[in-house]
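Asker: Sharing a structure with you now.
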Amino acid sequence: MLQRLRENKAWQGTLLALPTTLWLFVLLVIPLFLTLVVSFGRRSPDGGVIYGFSFHNYLRLIGYSTNCPAGQSACFDPLYAQILWRSLTLAFWTTVIVILLAYPLAYFIARSHPRRRNTFLMLVLVPLWTNFVIRVYAWMMLLREQGVINGVLGWIAAQFGLPFQPLQMLYTPGAVLVGMVYEFLPFMILPIFTSLEKIELPLYEAAADLGANPFRTFLRVTLPLSMPGVVAGTILVFIPVMGTFIVSDLLGGKQVILVGNLIQNQFLSARDPTFGSAASLILMIMTLIVTYFYTRKFGFGEEIITA
Amino acid sequence: MNPYRRHPFIRVATVLVYIFLYAPIVVLVLYSFNASRTNVLFEGFISSFGPLKTSGSLVTQSPCGPFHWFCELSRNREVGVAARNTLTIAFISTLTSTVIGTMAALALQRYNFRMKPFSQISLYIPIVIPEIVMGIGILTLFSQLFGVLNNALGLAGDSRLSLGLGTVIVSHIAFSVPFVTLVVQARLQGFDKSYEEAAMDLGANELVTFWRVTFPMILPGVLSGALLAFTLSLDDFVITFFTTGPGATTLPIYVYGLLRRIITPQVNALSTIWIAIVLTAVILLQRLQNREA
């Protein structure tokens with residue numbers, strides 16, 4: 001037996017990969033399948049699942065409702081469709097803003113002296129490694145009605161003898177957007193930096209020799225060559241923003257409900273795992289579609305691992 | 001042409017983005033020393049040591065002086081339990097995922113076998129699927145599985161299988177293993193096979209070659225994979241949220257629960273300690289990297 005294993009390379013490979021593959025199969029593939037099965041079921045009165053095959057939960061998500069004014073047996077209720085749309089647009093704007101903020105910084109680091117490059121990168125890592133929940137808390141402190149920003153503004157107003165009414169910043173869509181941008185900014189900086197660092201300097205010299213001005217060089221050389229980093233960063237930002245519920249929960253309160261909050265709510269307080277499962281599959285399909293079209297257009301870089 | 005020339009716009013934007021990244025952290029740390037209990041404005045440090053004295057919302061004197069909130073935190077038993085859970089989970093899941101993840105990287109890079117395409121594709125699942133989808137999937141798996149097992153084995157009361165440290169650890173391994181494998185695989189890709197061939201020619205068998213040649217060469221990759229797994233586990237909120245049970249609260253879960261009810265300078269003190277640890281780790285890492293280079 002051992003002798004056969006020593007000679008059979010295919011067996012050795014299978015054996016080495018087995019623990020990881022099995023682990024991922026049991027904890028990622030099977031759960032996804034179970035979620036699919038549950039999403040076709042119905043909620044039992046005690047919050048359990050009655051298995052079946054009905055698209056009821058999916059219809060509810062796109063607006064089909066049986067909870068209607070008298071006389072109607074079915075009507076349109078856009079509540080859940082609005083939540084899906086809100087999550088999608090928030091993820092889109094977060095990604096756009098994060099790219100705009102991350103690019104100059106990544107460019108600065110990539111063009112800094114190699115000896116200082118590591119320090120600048122480490123400065124990006126410190127906020128990233130500071131816990132996710134703690135980073136949301138920092139923004140709660142800043143944005144609260146009795147928070148730091150209002151405190152400072154009020155203090156300034158008092159110096160000039162002006163009346164001051166604290167601004168309502170926490171529990172607004174803006175607060176959620178700022179929080180999301182802050183949380184995921186480092187995930188964009190690192191891959192863009194990696195792809196910028198790979199561009200070889202002679203390319204710039206060639207562009208300059210051929211008469212391109214710095215702006216043209218940037219448009220025709222730097223930007224196209226850094227696209228793999230932007231793509232990787234977009235995947236690393238867009239997907240988690242779509243599924244996060246803490247940021248919207250703590251900074252948006254009841255004002256900003258996203259798909260993540262909807263799913264969490266179905267599993268914990270509303271006790272309808274079948275509807276929660278359907279919402280979670282729709283969320284997954286939405287992110288997969290966006291990722292698929294985005295990577296098909298721009299390619300799927302290796303930069304994703306380096307971050 | 002100077003390759004390090006950067007447009008003034010880039011410099012200004014960089015400074016602004018760094019300020020955006022650090023201002024919240026500076027405020028967080030500063031306020032952990034705040035004399036004010038309401039944490040609205042910074043009202044100065046608690047400057048005198050002695051028995052606790054307050055006036056209005058200000059703490060004027062504390063046995064711990066400016067470190068008043070840190071002392072309060074150290075007396076908080078829930079935080080101690082949560083910290084211990086967080087570290088236990090991070091250590092066990094890092095160790096396991098590093099070992100099995102490195103094995104898988106070797107297999108995928110060096111061997112051909114039938115389930116190879118499936119193994120490789122499954123590594124990308126945690127990257128392209130939102131965490132919450134994985135979280136509720138794993139929750140469904142465990143609740144169904146435990147339901148069936150508890151019935152079949154006739155377990156009741158305290159001996160019933162339920163969510164807890166074990167389920168959290170198993171789930172953390174699932175989302176960190178792909179990252180370890182991908183990092184080690186990247187390291188193996190740039191690996192010159194002639195060193196191993198030379199070792200074999202000199203009479204070393206496969207095991208000796210692995211431990212004396214291959215392993216030392218991929219060690220940096222293995223270590224950065226382990227580091228990644230460790231930070232992912234420490235930072236994780238969503239998966240833990242859905243797979244944890246009574247008695248298995250981690251620090252992020254504890255802080256989240258607290259923040260939904262009250263805001264207290266104790267959370268600032270906890271954040272300051274966390275940031276100090278991260279900063280130390282980052283500086284140590286940088287030293288290590290500079291020595292290597």
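All residue names refer to the structure tokens as shown: chains lettered A, B, ... in order, residues numbered from 1 in each chain, ligands numbered from 1 in order.
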Find the spatial neighbours of range 280-284 of chain A, counting only C-alpha atoms, within a cut-off of 8 Å - ignore same-chain residues fewer than 2 positions away - and output them as a list in words.
Answerer: Thr35, Leu36, Leu84, Met242, Gly243, Val259, Ile263, Gly276, Ser277, Ala278, Met286, Thr287 and Leu288 of chain A; Ile129, Pro130, Ile132 and Val133 of chain B
Asker: Could those residues be written to a file, using N, CA and C atoms, as a tab-separated table (two decimals), in the first residue's frame?
Answerer:
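So the final result, stored in result18.tsv, reads:
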```
chain	number	residue	atom	x	y	z
A	35	THR	N	-28.81	26.36	1.07
A	35	THR	CA	-29.48	27.66	0.97
A	35	THR	C	-30.47	27.66	-0.18
A	36	LEU	N	-30.04	27.06	-1.30
A	36	LEU	CA	-30.91	26.97	-2.48
A	36	LEU	C	-32.17	26.18	-2.15
A	84	LEU	N	-32.83	46.06	-2.71
A	84	LEU	CA	-31.83	45.50	-3.61
A	84	LEU	C	-31.17	46.61	-4.44
A	242	MET	N	-21.62	45.01	-0.92
A	242	MET	CA	-22.96	44.49	-1.17
A	242	MET	C	-23.49	43.67	0.00
A	243	GLY	N	-22.59	42.97	0.70
A	243	GLY	CA	-23.08	42.03	1.72
A	243	GLY	C	-22.90	42.49	3.16
A	259	VAL	N	-29.45	44.92	1.62
A	259	VAL	CA	-29.74	43.48	1.54
A	259	VAL	C	-29.19	42.75	2.74
A	263	ILE	N	-31.26	40.22	5.15
A	263	ILE	CA	-30.94	38.81	5.38
A	263	ILE	C	-30.76	38.54	6.87
A	276	GLY	N	-34.94	34.71	3.86
A	276	GLY	CA	-33.55	35.14	4.01
A	276	GLY	C	-32.64	34.42	3.03
A	277	SER	N	-32.89	33.11	2.85
A	277	SER	CA	-32.06	32.33	1.92
A	277	SER	C	-32.25	32.81	0.49
A	278	ALA	N	-33.50	33.10	0.12
A	278	ALA	CA	-33.76	33.59	-1.23
A	278	ALA	C	-33.06	34.92	-1.45
A	286	MET	N	-26.42	38.59	-7.99
A	286	MET	CA	-26.11	39.95	-8.41
A	286	MET	C	-24.61	40.20	-8.42
A	287	THR	N	-23.92	39.80	-7.34
A	287	THR	CA	-22.47	40.06	-7.31
A	287	THR	C	-21.75	39.23	-8.37
A	288	LEU	N	-22.20	38.00	-8.61
A	288	LEU	CA	-21.54	37.16	-9.62
A	288	LEU	C	-21.71	37.76	-11.01
B	129	ILE	N	-17.85	35.43	-3.33
B	129	ILE	CA	-19.18	35.36	-2.74
B	129	ILE	C	-19.21	36.18	-1.45
B	130	PRO	N	-20.22	37.06	-1.28
B	130	PRO	CA	-20.27	37.88	-0.08
B	130	PRO	C	-20.28	36.99	1.17
B	132	ILE	N	-21.76	37.24	3.95
B	132	ILE	CA	-23.04	36.96	4.60
B	132	ILE	C	-23.70	35.73	3.98
B	133	VAL	N	-23.48	35.52	2.67
B	133	VAL	CA	-24.05	34.35	1.99
B	133	VAL	C	-23.42	33.08	2.57
```
Asker: Could you give me, as a PyMOL selection string, the residues within 12 Å of Trp139 in chain A, counting only C-alpha atoms and dropping anything in the same chain fewer than 2 positions from it?
Answerer: (chain A and resi 132-137+141-145+147-149+169-171+174-183+247-248+250-252) or (chain B and resi 20-28+259)
Asker: Next, dump the selected residues to file, keeping only N, CA and C atoms, as a CSV table (one decimal), in the first residue's frame.
Answerer:
```csv
chain,number,residue,atom,x,y,z
A,132,PHE,N,-12.5,45.9,12.0
A,132,PHE,CA,-13.6,46.4,11.2
A,132,PHE,C,-14.7,47.1,12.1
A,133,VAL,N,-15.1,46.5,13.2
A,133,VAL,CA,-16.1,47.0,14.0
A,133,VAL,C,-15.6,48.3,14.7
A,134,ILE,N,-14.3,48.3,15.1
A,134,ILE,CA,-13.7,49.4,15.8
A,134,ILE,C,-13.7,50.6,14.8
A,135,ARG,N,-13.5,50.3,13.5
A,135,ARG,CA,-13.4,51.4,12.5
A,135,ARG,C,-14.8,52.0,12.4
A,136,VAL,N,-15.9,51.2,12.4
A,136,VAL,CA,-17.2,51.8,12.4
A,136,VAL,C,-17.5,52.6,13.6
A,137,TYR,N,-17.0,52.2,14.7
A,137,TYR,CA,-17.2,52.9,16.0
A,137,TYR,C,-16.6,54.3,15.9
A,141,MET,N,-18.4,57.9,16.6
A,141,MET,CA,-18.0,59.0,17.5
A,141,MET,C,-17.9,60.3,16.8
A,142,LEU,N,-17.4,60.2,15.5
A,142,LEU,CA,-17.3,61.5,14.8
A,142,LEU,C,-18.6,62.1,14.4
A,143,LEU,N,-19.6,61.2,13.9
A,143,LEU,CA,-20.8,61.7,13.3
A,143,LEU,C,-22.0,61.9,14.2
A,144,ARG,N,-21.9,61.4,15.4
A,144,ARG,CA,-23.1,61.5,16.3
A,144,ARG,C,-23.6,62.9,16.5
A,145,GLU,N,-24.8,63.1,16.9
A,145,GLU,CA,-25.3,64.4,17.1
A,145,GLU,C,-24.5,65.1,18.2
A,147,GLY,N,-21.4,64.3,18.7
A,147,GLY,CA,-20.1,63.7,18.4
A,147,GLY,C,-19.1,64.7,18.2
A,148,VAL,N,-17.9,64.3,17.7
A,148,VAL,CA,-16.7,65.1,17.6
A,148,VAL,C,-16.9,66.2,16.6
A,149,ILE,N,-17.4,65.9,15.4
A,149,ILE,CA,-17.5,66.9,14.4
A,149,ILE,C,-18.5,68.0,14.8
A,169,MET,N,-26.0,63.9,11.2
A,169,MET,CA,-25.1,63.2,10.2
A,169,MET,C,-25.2,61.7,10.4
A,170,LEU,N,-25.2,61.3,11.7
A,170,LEU,CA,-25.4,59.8,11.9
A,170,LEU,C,-26.8,59.4,11.5
A,171,TYR,N,-27.0,58.2,11.1
A,171,TYR,CA,-28.3,57.6,10.6
A,171,TYR,C,-28.8,58.3,9.4
A,174,GLY,N,-25.6,59.3,3.8
A,174,GLY,CA,-24.3,59.8,3.7
A,174,GLY,C,-23.3,59.2,4.6
A,175,ALA,N,-23.8,59.0,5.9
A,175,ALA,CA,-22.9,58.4,6.9
A,175,ALA,C,-22.5,56.9,6.5
A,176,VAL,N,-23.5,56.2,5.9
A,176,VAL,CA,-23.2,54.8,5.5
A,176,VAL,C,-22.2,54.9,4.4
A,177,LEU,N,-22.3,55.8,3.4
A,177,LEU,CA,-21.4,55.9,2.3
A,177,LEU,C,-20.0,56.2,2.8
A,178,VAL,N,-19.9,57.2,3.7
A,178,VAL,CA,-18.5,57.5,4.3
A,178,VAL,C,-17.9,56.3,5.0
A,179,GLY,N,-18.8,55.6,5.8
A,179,GLY,CA,-18.3,54.5,6.5
A,179,GLY,C,-17.8,53.4,5.6
A,180,MET,N,-18.6,53.1,4.5
A,180,MET,CA,-18.2,52.1,3.6
A,180,MET,C,-16.9,52.4,2.9
A,181,VAL,N,-16.7,53.7,2.4
A,181,VAL,CA,-15.5,54.2,1.8
A,181,VAL,C,-14.3,54.0,2.7
A,182,TYR,N,-14.5,54.4,4.0
A,182,TYR,CA,-13.4,54.3,4.9
A,182,TYR,C,-13.0,52.8,5.1
A,183,GLU,N,-14.0,51.9,5.3
A,183,GLU,CA,-13.7,50.5,5.6
A,183,GLU,C,-12.9,49.9,4.5
A,247,VAL,N,-22.0,48.2,8.9
A,247,VAL,CA,-21.9,49.6,8.6
A,247,VAL,C,-23.3,50.3,8.5
A,248,SER,N,-24.2,49.6,7.8
A,248,SER,CA,-25.5,50.2,7.6
A,248,SER,C,-26.3,50.2,8.9
A,250,LEU,N,-25.0,50.2,12.1
A,250,LEU,CA,-24.5,51.2,13.2
A,250,LEU,C,-24.5,52.6,12.7
A,251,LEU,N,-24.3,52.9,11.4
A,251,LEU,CA,-24.2,54.3,10.9
A,251,LEU,C,-25.5,54.7,10.2
A,252,GLY,N,-26.3,53.7,9.8
A,252,GLY,CA,-27.6,54.1,9.0
A,252,GLY,C,-28.8,53.9,9.9
B,20,PHE,N,-7.5,61.3,6.0
B,20,PHE,CA,-8.8,60.7,6.0
B,20,PHE,C,-8.7,59.3,6.7
B,21,LEU,N,-7.6,58.6,6.4
B,21,LEU,CA,-7.3,57.2,7.0
B,21,LEU,C,-7.0,57.3,8.5
B,22,TYR,N,-6.3,58.4,8.9
B,22,TYR,CA,-5.8,58.4,10.3
B,22,TYR,C,-6.6,59.3,11.3
B,23,ALA,N,-7.3,60.3,10.7
B,23,ALA,CA,-8.1,61.2,11.7
B,23,ALA,C,-9.0,60.4,12.6
B,24,PRO,N,-9.8,59.4,12.1
B,24,PRO,CA,-10.7,58.7,13.0
B,24,PRO,C,-9.9,57.9,14.0
B,25,ILE,N,-8.8,57.4,13.6
B,25,ILE,CA,-8.0,56.6,14.6
B,25,ILE,C,-7.4,57.4,15.7
B,26,VAL,N,-6.9,58.6,15.3
B,26,VAL,CA,-6.3,59.5,16.3
B,26,VAL,C,-7.4,59.9,17.3
B,27,VAL,N,-8.6,60.3,16.8
B,27,VAL,CA,-9.7,60.7,17.6
B,27,VAL,C,-10.0,59.5,18.6
B,28,LEU,N,-10.1,58.4,18.1
B,28,LEU,CA,-10.4,57.2,18.9
B,28,LEU,C,-9.5,57.0,20.0
B,259,LEU,N,-22.2,48.4,21.2
B,259,LEU,CA,-22.4,49.7,20.5
B,259,LEU,C,-23.9,49.9,20.1
```
Asker: One number please: CA of Met103 in chain B to CA of Thr181 in chain B, in Å, one decimal.
Answerer: 8.1 Å
Asker: Counting only C-alpha atoms, what is within 10 Å of Thr217 in chain A, bar same-chain residues fewer than 2 positions away, as a PyMOL selection string?
Answerer: chain A and resi 203-208+211-215+219-223
Asker: Mind writing the picked residues with N, CA and C atoms as a compact mmCIF listing (two decimals), in the first residue's frame?
Answerer:
```txt
# COMPACT_ATOMS: atom_id res chain seq x y z
N LEU A 203 9.62 52.10 -20.03
CA LEU A 203 8.39 52.41 -20.76
C LEU A 203 8.10 53.90 -20.75
N TYR A 204 8.34 54.54 -19.60
CA TYR A 204 8.11 55.98 -19.50
C TYR A 204 9.09 56.75 -20.36
N GLU A 205 10.36 56.28 -20.31
CA GLU A 205 11.38 56.95 -21.12
C GLU A 205 11.01 56.86 -22.59
N ALA A 206 10.55 55.66 -23.00
CA ALA A 206 10.15 55.47 -24.40
C ALA A 206 9.03 56.43 -24.76
N ALA A 207 8.02 56.53 -23.85
CA ALA A 207 6.89 57.42 -24.12
C ALA A 207 7.37 58.86 -24.24
N ALA A 208 8.29 59.26 -23.35
CA ALA A 208 8.81 60.63 -23.39
C ALA A 208 9.61 60.86 -24.67
N GLY A 211 7.73 61.68 -27.61
CA GLY A 211 7.10 62.99 -27.61
C GLY A 211 5.81 63.10 -26.81
N ALA A 212 5.49 62.10 -25.99
CA ALA A 212 4.25 62.18 -25.20
C ALA A 212 4.49 63.08 -23.99
N ASN A 213 3.54 63.97 -23.70
CA ASN A 213 3.68 64.76 -22.48
C ASN A 213 3.23 63.91 -21.30
N PRO A 214 3.53 64.36 -20.06
CA PRO A 214 3.23 63.51 -18.89
C PRO A 214 1.77 63.08 -18.84
N PHE A 215 0.85 63.98 -19.21
CA PHE A 215 -0.56 63.65 -19.14
C PHE A 215 -0.90 62.52 -20.12
N LEU A 219 -2.27 58.67 -19.57
CA LEU A 219 -3.47 58.10 -20.20
C LEU A 219 -3.17 56.86 -21.03
N ARG A 220 -2.03 56.87 -21.74
CA ARG A 220 -1.76 55.81 -22.69
C ARG A 220 -0.89 54.69 -22.14
N VAL A 221 -0.11 54.97 -21.08
CA VAL A 221 0.79 53.94 -20.54
C VAL A 221 0.36 53.50 -19.14
N THR A 222 0.38 54.47 -18.22
CA THR A 222 0.14 54.12 -16.82
C THR A 222 -1.26 53.54 -16.58
N LEU A 223 -2.27 54.27 -17.05
CA LEU A 223 -3.65 53.87 -16.76
C LEU A 223 -3.98 52.46 -17.29
```
Asker: Could you give me, as a list in words, the residues within 12 Å of Ile30 in chain A, counting only C-alpha atoms and dropping anything in the same chain fewer than 2 positions from it?
Answerer: Leu22, Trp23, Leu24, Phe25, Val26, Leu27, Leu28, Leu32, Phe33, Leu34, Thr35, Leu36 and Val37 of chain A; Ser122, Met134, Ile136, Gly137, Ile138, Leu139, Thr140, Leu141, Phe142, Gln144 and Leu145 of chain B
Asker: CA of Gln61 in chain B to CA of Ile263 in chain B: how many Å, to one decimal?
Answerer: 21.3 Å
Asker: Distance table requested - range 63-177 of chain B against range 244-254 of chain B, cut-off 6 Å, only C-alpha atoms: one row per qualifying residue with the closest atom pair and its distance in Å to one decimal, ordered by chain and rising residue number, as a tab-separated table.
Answerer:
```
residue	atom	partner	partner_atom	distance
B:Ala82	CA	B:Thr250	CA	4.5
B:Ala83	CA	B:Leu251	CA	5.7
B:Asn85	CA	B:Thr250	CA	5.7
B:Thr86	CA	B:Thr250	CA	4.9
B:Leu163	CA	B:Gly245	CA	4.6
B:Gly164	CA	B:Gly245	CA	4.4
B:Leu165	CA	B:Ala248	CA	5.3
B:Val168	CA	B:Thr244	CA	5.8
```
Asker: Taking C-alpha atoms for each residue, export the selection above as a PDB file, in the first residue's frame.
Answerer:
```pdb
ATOM      1  CA  ALA B  82     -14.134  37.544  24.567  1.00  0.00           C
ATOM      2  CA  ALA B  83     -10.405  38.262  24.171  1.00  0.00           C
ATOM      3  CA  ASN B  85     -12.089  33.276  22.710  1.00  0.00           C
ATOM      4  CA  THR B  86     -10.836  35.521  19.899  1.00  0.00           C
ATOM      5  CA  LEU B 163     -23.224  26.430  17.988  1.00  0.00           C
ATOM      6  CA  GLY B 164     -20.100  27.487  19.872  1.00  0.00           C
ATOM      7  CA  LEU B 165     -16.316  27.780  19.710  1.00  0.00           C
ATOM      8  CA  VAL B 168     -16.647  29.180  14.748  1.00  0.00           C
TER       9      VAL B 168
END
```
Asker: Would you list, as a ChimeraX atom specification, the residues of range 195-280 of chain A that end up in helix (DSSP H, G or I) under DSSP run on this structure's backbone?
Answerer: /A:195-198,201-209,214-243,246-252,259-268,273-280
Asker: Residues at most 8 Å from Val126 in chain A, counting only C-alpha atoms, excluding those fewer than 5 positions away in the same chain, as a short mmCIF file (atom, residue, chain, number, x, y, z; two decimals) with N, CA and C atoms, in the first residue's frame?
Answerer:
```
data_model
loop_
_atom_site.label_atom_id
_atom_site.label_comp_id
_atom_site.auth_asym_id
_atom_site.auth_seq_id
_atom_site.Cartn_x
_atom_site.Cartn_y
_atom_site.Cartn_z
N ILE B 275 -5.12 48.88 18.57
CA ILE B 275 -4.29 49.63 17.62
C ILE B 275 -2.82 49.55 18.02
N VAL B 278 -1.49 46.24 16.85
CA VAL B 278 -1.33 46.21 15.39
C VAL B 278 -0.08 47.01 14.98
N LEU B 279 0.07 48.19 15.60
CA LEU B 279 1.19 49.06 15.27
C LEU B 279 2.52 48.36 15.58
N VAL B 282 3.13 45.67 13.01
CA VAL B 282 3.52 46.24 11.71
C VAL B 282 4.98 46.69 11.73
#
```
Asker: Give me the residues within 10 Å of range 154-161 of chain B as a PyMOL selection string, counting only C-alpha atoms and dropping any in the same chain fewer than 4 places off.
Answerer: chain B and resi 142-143+145-150
Asker: What does the distance between CA of Thr95 in chain A and CA of Gly233 in chain A come to in Å, to one decimal place?
Answerer: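 Interatomic distance here is 8.8 Å.
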Asker: With distances taken over only C-alpha atoms, which residue among B:Val81, B:Ile100, B:Ile89, B:Ile262 lies nearest chain A?
Answerer: B:Ile100
Asker: Under the rule that only C-alpha atoms are counted, which of A:Ile192, A:Ala138, A:Leu258, A:Ile156 is the nearest residue to chain B?
Answerer: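 For chain B, the nearest of the candidates is A:Ala138.
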